[in-house]
$ cat input.csv   # CSV, C-alpha atoms
chain,number,residue,atom,x,y,z
I,1,MET,CA,74.8,71.0,116.3
I,2,VAL,CA,75.6,70.1,119.9
I,3,ASP,CA,72.9,68.4,121.9
I,4,GLY,CA,72.5,68.2,125.7
I,5,VAL,CA,73.4,71.8,126.3
I,6,ASN,CA,71.3,72.7,129.4
I,7,GLY,CA,68.2,71.4,127.7
I,8,LEU,CA,69.1,72.8,124.3
I,9,ASP,CA,70.3,71.5,121.0
I,10,MET,CA,72.8,74.3,120.2
I,11,HIS,CA,73.7,75.3,116.7
I,12,LEU,CA,77.3,76.4,116.3
I,13,LEU,CA,79.7,78.0,113.8
I,14,GLU,CA,83.2,76.7,114.3
I,15,ALA,CA,86.6,77.4,112.8
I,16,GLY,CA,90.1,76.2,113.7
I,17,GLU,CA,91.6,73.0,115.1
I,18,ALA,CA,89.9,71.2,118.0
I,19,ASP,CA,93.1,71.1,120.0
I,20,HIS,CA,93.8,74.8,119.8
I,21,PRO,CA,93.0,77.3,122.5
I,22,LEU,CA,89.2,77.9,122.6
I,23,VAL,CA,87.8,81.4,121.9
I,24,LEU,CA,84.1,81.6,122.5
I,25,LEU,CA,82.0,84.3,120.8
I,26,LEU,CA,78.6,85.4,122.2
I,27,HIS,CA,76.3,87.5,120.0
I,28,GLY,CA,73.7,90.0,121.0
I,29,PHE,CA,70.3,91.2,119.8
I,30,PRO,CA,69.0,90.9,117.1
I,31,GLU,CA,71.9,88.9,115.8
I,32,LEU,CA,73.1,85.3,115.4
I,33,ALA,CA,76.4,83.4,115.4
I,34,TRP,CA,76.5,84.7,111.8
I,35,SER,CA,77.5,88.1,113.1
I,36,TRP,CA,81.0,86.7,113.8
I,37,ARG,CA,81.5,85.4,110.2
I,38,PHE,CA,84.2,87.9,109.3
I,39,VAL,CA,86.4,87.6,112.4
I,40,MET,CA,86.2,83.8,112.9
I,41,PRO,CA,88.5,82.8,109.9
I,42,MET,CA,91.1,85.4,111.0
I,43,LEU,CA,91.2,84.1,114.6
I,44,ALA,CA,91.3,80.5,113.4
I,45,GLN,CA,94.2,81.4,111.1
I,46,ALA,CA,96.0,82.9,114.1
I,47,GLY,CA,95.9,79.6,115.9
I,48,PHE,CA,92.6,79.5,117.9
I,49,ARG,CA,89.7,77.2,118.0
I,50,VAL,CA,86.8,79.6,117.5
I,51,VAL,CA,83.2,78.7,118.4
I,52,ALA,CA,80.1,80.9,118.0
I,53,PRO,CA,76.8,79.6,119.1
I,54,ASP,CA,73.3,80.7,118.3
I,55,GLN,CA,72.3,81.4,121.9
I,56,ARG,CA,69.1,80.5,123.7
I,57,GLY,CA,66.2,82.0,121.8
I,58,TYR,CA,68.0,82.5,118.5
I,59,GLY,CA,68.5,80.9,115.1
I,60,ARG,CA,68.8,77.2,114.7
I,61,THR,CA,69.3,76.4,118.4
I,62,THR,CA,66.3,74.5,119.7
I,63,GLY,CA,64.8,73.5,123.0
I,64,TRP,CA,63.6,76.9,124.2
I,65,GLU,CA,60.0,78.2,124.4
I,66,ALA,CA,59.1,80.8,121.8
I,67,GLY,CA,56.0,82.3,123.3
I,68,PHE,CA,55.5,85.4,125.4
I,69,ASP,CA,53.9,83.3,128.1
I,70,GLY,CA,56.6,80.6,128.1
I,71,ASP,CA,59.3,79.8,130.7
I,72,LEU,CA,60.8,83.2,131.2
I,73,ALA,CA,63.1,82.0,134.0
I,74,ALA,CA,65.0,80.0,131.4
I,75,PHE,CA,66.3,83.3,130.0
I,76,ARG,CA,67.6,84.8,133.3
I,77,PRO,CA,71.3,85.7,133.2
I,78,PHE,CA,72.6,82.9,135.4
I,79,ASN,CA,70.8,80.3,133.2
I,80,LEU,CA,72.4,81.8,130.1
I,81,VAL,CA,75.8,81.4,131.9
I,82,LEU,CA,74.8,77.8,132.5
I,83,ASP,CA,74.2,77.4,128.8
I,84,VAL,CA,77.8,78.4,128.2
I,85,LEU,CA,79.2,76.2,130.9
I,86,SER,CA,77.2,73.2,129.5
I,87,LEU,CA,78.4,74.0,126.0
I,88,ILE,CA,82.1,74.0,126.9
I,89,ARG,CA,81.6,70.7,128.8
I,90,ARG,CA,80.0,69.2,125.6
I,91,LEU,CA,82.9,70.6,123.6
I,92,GLN,CA,85.3,68.7,126.0
I,93,ALA,CA,87.3,71.9,126.4
I,94,PRO,CA,89.1,72.1,129.8
I,95,LEU,CA,89.4,75.9,129.6
I,96,VAL,CA,88.1,78.9,127.6
I,97,HIS,CA,91.1,80.9,126.5
I,98,ALA,CA,88.8,83.9,126.0
I,99,VAL,CA,85.1,84.6,126.1
I,100,ILE,CA,84.1,87.5,123.9
I,101,GLY,CA,80.6,89.0,124.2
I,102,HIS,CA,79.0,91.6,122.0
I,103,ASP,CA,75.9,93.7,122.9
I,104,PHE,CA,73.7,91.4,125.1
I,105,GLY,CA,76.4,88.8,124.9
I,106,SER,CA,78.7,91.1,126.8
I,107,PRO,CA,77.0,90.8,130.2
I,108,VAL,CA,76.7,87.0,129.7
I,109,ALA,CA,80.5,86.9,129.0
I,110,ALA,CA,81.2,89.1,132.0
I,111,TRP,CA,79.1,86.9,134.4
I,112,CYS,CA,80.9,83.8,133.0
I,113,ALA,CA,84.3,85.4,133.9
I,114,LEU,CA,83.1,86.6,137.3
I,115,LEU,CA,81.3,83.4,138.4
I,116,ARG,CA,83.9,80.9,137.0
I,117,PRO,CA,87.4,82.4,136.9
I,118,ASP,CA,88.7,78.9,136.9
I,119,LEU,CA,87.3,78.2,133.4
I,120,PHE,CA,87.5,81.6,131.6
I,121,GLU,CA,91.1,82.9,131.3
I,122,ARG,CA,90.3,86.2,129.5
I,123,LEU,CA,87.4,88.4,128.8
I,124,VAL,CA,86.5,90.8,126.0
I,125,LEU,CA,83.4,93.0,126.2
I,126,MET,CA,82.2,94.7,123.1
I,127,SER,CA,79.7,97.6,122.8
I,128,ALA,CA,78.1,97.0,126.2
I,129,PRO,CA,80.1,97.9,129.4
I,130,PHE,CA,79.7,95.8,132.5
I,131,ALA,CA,79.5,97.9,135.6
I,132,GLY,CA,79.8,94.9,138.0
I,133,PRO,CA,77.3,93.1,140.1
I,134,PRO,CA,74.5,95.0,141.8
I,135,GLY,CA,75.4,96.3,145.2
I,136,LEU,CA,73.9,95.1,148.5
I,137,ILE,CA,72.6,98.6,148.7
I,138,THR,CA,71.9,100.2,145.4
I,139,ASP,CA,74.0,103.3,144.8
I,140,ARG,CA,74.9,105.5,141.8
I,141,HIS,CA,77.8,103.2,140.8
I,142,THR,CA,75.7,99.9,140.7
I,143,ALA,CA,72.3,101.2,139.7
I,144,ALA,CA,71.5,100.4,136.1
I,145,VAL,CA,68.9,101.9,133.9
I,146,LYS,CA,66.6,98.8,133.7
I,147,PRO,CA,63.2,100.2,133.0
I,148,ASP,CA,60.0,98.2,132.8
I,149,PRO,CA,56.5,99.2,131.7
I,150,GLY,CA,55.0,101.5,134.2
I,151,SER,CA,58.3,102.4,136.0
I,152,ARG,CA,58.9,105.9,137.3
I,153,LEU,CA,61.5,106.4,134.5
I,154,ASP,CA,58.9,105.5,131.9
I,155,GLN,CA,56.4,107.8,133.5
I,156,ALA,CA,59.0,110.6,133.3
I,157,LEU,CA,59.8,109.8,129.7
I,158,ALA,CA,56.2,109.8,128.8
I,159,ALA,CA,55.8,113.3,130.4
I,160,LEU,CA,58.5,114.8,128.0
I,161,THR,CA,57.5,116.9,125.0
I,162,PRO,CA,57.3,114.9,122.7
I,163,PRO,CA,56.4,111.9,124.9
I,164,ARG,CA,59.0,109.1,124.8
I,165,LYS,CA,59.6,105.6,126.1
I,166,HIS,CA,62.7,103.4,126.7
I,167,TYR,CA,63.3,100.8,124.0
I,168,ARG,CA,63.9,98.2,126.7
I,169,SER,CA,60.4,98.8,128.1
I,170,HIS,CA,59.0,98.5,124.7
I,171,TYR,CA,60.8,95.2,124.2
I,172,CYS,CA,59.2,93.8,127.3
I,173,THR,CA,55.7,94.3,126.0
I,174,PRO,CA,53.5,91.6,124.4
I,175,GLN,CA,53.3,93.4,121.1
I,176,ALA,CA,57.0,93.9,120.6
I,177,ASN,CA,57.5,90.6,118.7
I,178,ASP,CA,54.6,91.2,116.4
I,179,ASP,CA,55.8,94.8,115.7
I,180,LEU,CA,59.1,93.4,114.5
I,181,LEU,CA,58.0,90.2,112.9
I,182,HIS,CA,55.1,91.8,111.0
I,183,ALA,CA,56.7,95.2,110.3
I,184,PRO,CA,54.8,97.0,107.5
I,185,GLN,CA,58.0,97.4,105.5
I,186,GLY,CA,58.8,93.6,105.7
I,187,ILE,CA,61.4,91.9,107.9
I,188,THR,CA,64.2,92.4,105.4
I,189,GLN,CA,63.7,96.2,105.3
I,190,LEU,CA,63.1,96.3,109.0
I,191,LEU,CA,66.5,94.7,109.7
I,192,ARG,CA,68.2,96.8,107.0
I,193,GLY,CA,66.9,100.0,108.7
I,194,TYR,CA,67.7,98.8,112.2
I,195,TYR,CA,71.3,97.7,111.4
I,196,HIS,CA,71.9,100.9,109.4
I,197,MET,CA,70.6,103.2,112.0
I,198,LYS,CA,72.9,101.8,114.7
I,199,SER,CA,76.0,101.7,112.4
I,200,ALA,CA,78.6,104.3,111.6
I,201,ASP,CA,76.9,104.7,108.2
I,202,TRP,CA,74.0,106.7,109.9
I,203,PRO,CA,75.2,110.3,110.4
I,204,GLY,CA,73.0,110.7,113.5
I,205,ASN,CA,75.4,108.6,115.6
I,206,GLN,CA,77.6,111.1,117.5
I,207,PRO,CA,77.8,109.5,120.9
I,208,HIS,CA,78.9,111.2,124.1
I,209,PRO,CA,78.5,110.6,127.8
I,210,LEU,CA,75.1,111.6,129.2
I,211,THR,CA,74.7,114.1,132.1
I,212,GLY,CA,72.6,111.7,134.2
I,213,ALA,CA,70.1,108.8,134.3
I,214,ASN,CA,67.0,111.0,134.4
I,215,ALA,CA,64.5,111.2,131.6
I,216,GLN,CA,65.7,114.6,130.3
I,217,ALA,CA,69.3,113.3,130.0
I,218,LEU,CA,68.3,110.0,128.4
I,219,ALA,CA,66.3,111.9,125.8
I,220,ASP,CA,69.6,112.8,124.2
I,221,LEU,CA,69.9,109.2,123.0
I,222,PRO,CA,68.8,108.4,119.4
I,223,ARG,CA,65.2,107.4,118.8
I,224,TYR,CA,66.2,103.7,118.6
I,225,TYR,CA,67.0,103.9,122.3
I,226,ILE,CA,64.5,106.4,123.6
I,227,MET,CA,61.6,106.0,121.2
I,228,ASP,CA,58.5,108.1,120.6
I,229,LEU,CA,55.8,106.9,122.9
I,230,ASP,CA,53.4,105.7,120.3
I,231,ALA,CA,56.0,104.3,117.8
I,232,SER,CA,57.1,100.8,117.2
I,233,MET,CA,60.7,99.9,116.4
I,234,ALA,CA,59.5,99.4,112.8
I,235,ASP,CA,58.1,102.9,112.8
I,236,THR,CA,61.3,104.3,114.3
I,237,VAL,CA,63.8,102.9,111.7
I,238,ALA,CA,61.6,103.2,108.6
I,239,PRO,CA,62.4,106.8,107.8
I,240,HIS,CA,66.1,106.1,108.1
I,241,THR,CA,66.3,102.9,106.0
I,242,PRO,CA,68.8,103.4,103.2
I,243,ASP,CA,67.5,103.3,99.6
I,244,GLU,CA,68.2,100.4,97.3
I,245,ASN,CA,71.4,102.0,95.8
I,246,SER,CA,72.8,102.8,99.3
I,247,ALA,CA,72.0,99.4,100.6
I,248,ARG,CA,73.7,97.8,97.6
I,249,SER,CA,76.9,99.6,98.4
I,250,CYS,CA,77.0,98.4,102.1
I,251,ARG,CA,80.1,96.3,102.0
I,252,TRP,CA,79.7,94.9,105.6
I,253,LEU,CA,76.1,93.8,105.1
I,254,PRO,CA,75.4,92.8,101.5
I,255,ALA,CA,72.0,91.5,100.5
I,256,ALA,CA,73.0,87.9,100.8
I,257,ASP,CA,74.3,88.3,104.4
I,258,LEU,CA,71.2,90.3,105.4
I,259,ALA,CA,69.1,87.5,104.0
I,260,VAL,CA,70.5,85.1,106.5
I,261,TYR,CA,69.2,87.2,109.4
I,262,ALA,CA,65.9,87.9,107.7
I,263,ASP,CA,65.3,84.2,106.9
I,264,GLU,CA,66.2,83.0,110.5
I,265,PHE,CA,64.1,85.7,112.3
I,266,SER,CA,61.2,85.1,109.9
I,267,ARG,CA,61.2,81.5,110.9
I,268,THR,CA,61.8,81.9,114.7
I,269,GLY,CA,60.4,85.3,115.5
I,270,PHE,CA,62.1,87.7,117.9
I,271,GLN,CA,60.5,86.6,121.2
I,272,GLY,CA,63.4,84.4,122.2
I,273,GLY,CA,65.8,87.4,122.1
I,274,LEU,CA,63.2,89.8,123.6
I,275,ASN,CA,62.8,87.4,126.6
I,276,TRP,CA,66.4,88.3,127.6
I,277,TYR,CA,65.2,91.9,128.2
I,278,ARG,CA,62.3,90.7,130.3
I,279,ALA,CA,64.4,88.3,132.4
I,280,VAL,CA,67.5,90.4,132.9
I,281,SER,CA,66.7,91.3,136.6
I,282,MET,CA,64.9,88.0,137.5
I,283,ASN,CA,67.7,86.8,139.8
I,284,ILE,CA,68.7,90.2,141.1
I,285,THR,CA,68.8,88.8,144.7
I,286,GLU,CA,71.2,86.1,143.7
I,287,GLN,CA,73.3,88.7,141.8
I,288,ARG,CA,73.6,90.7,145.0
I,289,VAL,CA,75.4,87.8,146.6
I,290,PHE,CA,78.4,88.9,144.4
I,291,ALA,CA,78.3,92.5,145.4
I,292,ASP,CA,81.7,94.2,145.2
I,293,ARG,CA,83.3,91.1,143.6
I,294,GLN,CA,85.5,92.1,140.7
I,295,ILE,CA,86.7,90.4,137.5
I,296,GLU,CA,90.4,89.8,137.9
I,297,GLN,CA,91.2,88.0,134.6
I,298,PRO,CA,92.8,90.1,131.8
I,299,ALA,CA,90.0,92.0,130.1
I,300,LEU,CA,89.5,94.2,127.1
I,301,PHE,CA,86.7,96.6,126.0
I,302,LEU,CA,86.0,97.3,122.3
I,303,SER,CA,83.4,99.6,120.8
I,304,GLY,CA,82.7,101.5,117.7
I,305,ARG,CA,83.5,105.2,117.9
I,306,SER,CA,80.0,105.8,116.5
I,307,ASP,CA,78.3,103.5,119.0
I,308,TRP,CA,76.0,104.9,121.6
I,309,GLY,CA,76.2,101.6,123.4
I,310,SER,CA,79.1,102.7,125.6
I,311,TYR,CA,76.9,105.5,127.1
I,312,GLN,CA,73.3,104.3,127.0
I,313,THR,CA,73.5,103.3,130.7
I,314,PRO,CA,75.0,106.4,132.4
I,315,GLY,CA,77.9,105.5,134.7
I,316,ALA,CA,78.4,102.0,133.4
I,317,PHE,CA,81.4,102.8,131.1
I,318,GLU,CA,83.2,104.6,134.0
I,319,SER,CA,82.4,101.9,136.6
I,320,MET,CA,83.6,99.2,134.3
I,321,GLN,CA,87.0,100.8,134.2
I,322,SER,CA,87.3,102.0,137.8
I,323,ARG,CA,85.6,99.1,139.7
I,324,ALA,CA,84.4,96.1,137.8
I,325,LEU,CA,87.5,95.1,135.9
I,326,THR,CA,90.8,95.0,137.9
I,327,ASN,CA,93.0,93.8,135.0
I,328,LEU,CA,91.9,96.0,132.1
I,329,HIS,CA,94.3,95.9,129.2
I,330,GLY,CA,92.7,98.5,127.1
I,331,VAL,CA,89.6,100.4,126.0
I,332,HIS,CA,89.5,100.8,122.2
I,333,LEU,CA,87.0,102.9,120.3
I,334,ILE,CA,87.3,101.8,116.7
I,335,ASP,CA,87.0,104.4,113.9
I,336,GLY,CA,84.5,103.7,111.2
I,337,ALA,CA,82.4,101.4,113.3
I,338,GLY,CA,79.1,101.8,115.1
I,339,HIS,CA,77.3,99.2,117.1
I,340,TRP,CA,78.1,96.2,114.8
I,341,LEU,CA,81.9,96.7,115.0
I,342,GLN,CA,82.8,93.0,114.3
I,343,GLN,CA,80.9,93.3,111.1
I,344,GLU,CA,81.6,96.9,110.2
I,345,GLN,CA,85.4,96.8,110.9
I,346,PRO,CA,86.4,93.2,111.4
I,347,ASP,CA,90.1,93.8,110.5
I,348,ALA,CA,90.4,96.5,113.1
I,349,VAL,CA,88.7,94.3,115.7
I,350,VAL,CA,91.0,91.4,115.1
I,351,ASP,CA,94.0,93.8,115.2
I,352,ARG,CA,93.0,94.7,118.8
I,353,LEU,CA,92.1,91.2,119.8
I,354,LEU,CA,95.2,89.3,118.7
I,355,PRO,CA,97.8,91.1,120.9
I,356,PHE,CA,95.5,90.7,123.9
I,357,LEU,CA,94.8,87.0,123.2
I,358,ASN,CA,98.5,86.3,123.0
I,359,THR,CA,99.3,87.9,126.3
I,360,ALA,CA,100.3,85.7,129.3
I,361,GLY,CA,97.3,84.9,131.4
I,362,ASN,CA,98.7,86.6,134.6
I,363,THR,CA,99.7,89.9,133.0
I,364,ARG,CA,98.6,92.9,135.1
I,365,ASN,CA,98.2,96.5,134.1
I,366,THR,CA,101.4,98.4,133.4
I,367,PRO,CA,101.6,102.1,134.2
I,368,GLU,CA,101.5,102.8,130.4
I,369,ARG,CA,98.2,100.8,130.1
I,370,ASP,CA,96.8,102.6,133.2
I,371,LYS,CA,97.6,106.0,131.6
I,372,GLU,CA,96.0,105.0,128.3
I,373,THR,CA,92.9,103.8,130.1
I,374,ARG,CA,92.6,107.0,132.1
I,375,GLN,CA,92.9,109.0,128.9
I,376,LEU,CA,90.2,107.0,127.2
I,377,GLN,CA,87.8,107.6,130.1
I,378,LEU,CA,87.9,111.4,129.5

$ encode --input "input.csv" --output "structure tokens"
Amino acid sequence: MVDGVNGLDMHLLEAGEADHPLVLLLHGFPELAWSWRFVMPMLAQAGFRVVAPDQRGYGRTTGWEAGFDGDLAAFRPFNLVLDVLSLIRRLQAPLVHAVIGHDFGSPVAAWCALLRPDLFERLVLMSAPFAGPPGLITDRHTAAVKPDPGSRLDQALAALTPPRKHYRSHYCTPQANDDLLHAPQGITQLLRGYYHMKSADWPGNQPHPLTGANAQALADLPRYYIMDLDASMADTVAPHTPDENSARSCRWLPAADLAVYADEFSRTGFQGGLNWYRAVSMNITEQRVFADRQIEQPALFLSGRSDWGSYQTPGAFESMQSRALTNLHGVHLIDGAGHWLQQEQPDAVVDRLLPFLNTAGNTRNTPERDKETRQLQL
């Protein structure tokens, strides 16, 4: 536990020697520092100091308000970056060799690299592309699909047959936490179904780029992204929850590992993580100050080949490669992995990370890397 982290007492998992180059791992939703349990020992053995915090709103980190009506501004993106900056100061680390973010941790890692290039030497984004800061004038490259209850997009989704809604809008509602915390199937089975449905184990994950950001195009996304209008997330995943025998054979999430998530979220609830969705656009004006600014540090993007996360925001995957990251060393889609790639295929993740982490900090794209990236865009 590290106290005095931007008002938090922050719980960490740590591996490796304190004087080794620091690699910082930022989890997403609904996860914890625990999601990095497989890759941390391998990175430490390779010579890095590896730190994974329970971020604001999660796990054993304390000092944040848990209610729906609490201080939502504390969860805005720039304050999450301030959490990271405060943490590295408390760790007495002069630099971060690499910041690695997965899912909702990905944009936090990207903003860290963009705002403080003096502190963050390398960037790895996992599962969630970063399209760059919003533009001074919103255009098709910088516009993100960031719905909220009552938005025109939600109205268009509700007009589909059958009626639908965006999961992000659902997560912004007052009932979302109770729907998860008090799921009829119980929190353990809820999480089992949710993790399974977004993994490579679920046969429904056959991702591809969408044709646009309109309701009809977004309806191609699985139900865990574009939900039935009257369904909760518990309702959505329940029919796809693996049976006991199938769950017992899940090597990447055995019952004891799943119990860590279930126990922590049973204790804290989900509202802390859900507040990230509600606050994501709170400082949009301040974000526009950085319009057209690019991330120049060496960067890497990893995702599971069975992960829809690369395509859920139409245009972001392409803008990340063509605009946001000027020093992109590779885009790797990992076989046998869905959204939880560092848990589903940790060896393959580390195999991609280590060559990148061992590159010189000022390495730029080579023609071979440019060719590989262009091929992966297709």

$ closest_residue --input "input.csv" --among "I:Ala337, I:Leu32, I:Leu43, I:Leu114" --to "I:Gln206" --atoms "all atoms listed in the file"
I:Ala337

$ atom_distance --input "input.csv" --atom1 "atom CA of I:Leu302" --atom2 "atom CA of I:Leu333"
6.0 Å

$ closest_residue --input "input.csv" --among "I:Ala158, I:Ala66, I:Leu221, I:Ala98" --to "I:Asn205" --atoms "only C-alpha atoms"
I:Leu221

$ closest_residue --input "input.csv" --among "I:Gln287, I:Ser249, I:Gln312, I:Ser322" --to "I:His166" --atoms "only C-alpha atoms"
I:Gln312

$ atom_distance --input "input.csv" --atom1 "atom CA of I:His20" --atom2 "atom CA of I:Gly47"
6.5 Å

$ build_atoms --input "input.csv" --residues "stretch 100-111 of chain I" --atoms "N, CA and C atoms" --output "compact mmCIF listing (two decimals), keeping the file's coordinate frame"
# COMPACT_ATOMS: atom_id res chain seq x y z
N ILE I 100 84.26 86.18 124.54
CA ILE I 100 84.10 87.50 123.90
C ILE I 100 82.58 87.69 123.69
N GLY I 101 82.03 88.73 124.29
CA GLY I 101 80.60 89.00 124.20
C GLY I 101 80.33 90.34 123.56
N HIS I 102 79.38 90.38 122.64
CA HIS I 102 79.00 91.60 122.00
C HIS I 102 77.54 91.94 122.35
N ASP I 103 77.23 93.25 122.62
CA ASP I 103 75.90 93.70 122.90
C ASP I 103 75.35 92.87 124.09
N PHE I 104 74.21 92.20 124.00
CA PHE I 104 73.70 91.40 125.10
C PHE I 104 74.55 90.24 125.46
N GLY I 105 75.41 89.82 124.54
CA GLY I 105 76.40 88.80 124.90
C GLY I 105 77.46 89.26 125.80
N SER I 106 77.64 90.59 125.91
CA SER I 106 78.70 91.10 126.80
C SER I 106 78.43 90.86 128.24
N PRO I 107 77.24 91.16 128.81
CA PRO I 107 77.00 90.80 130.20
C PRO I 107 77.07 89.31 130.48
N VAL I 108 76.63 88.49 129.52
CA VAL I 108 76.70 87.00 129.70
C VAL I 108 78.21 86.65 129.83
N ALA I 109 79.05 87.19 128.94
CA ALA I 109 80.50 86.90 129.00
C ALA I 109 81.07 87.39 130.33
N ALA I 110 80.64 88.56 130.79
CA ALA I 110 81.20 89.10 132.00
C ALA I 110 80.78 88.23 133.23
N TRP I 111 79.53 87.78 133.26
CA TRP I 111 79.10 86.90 134.40
C TRP I 111 79.85 85.56 134.30
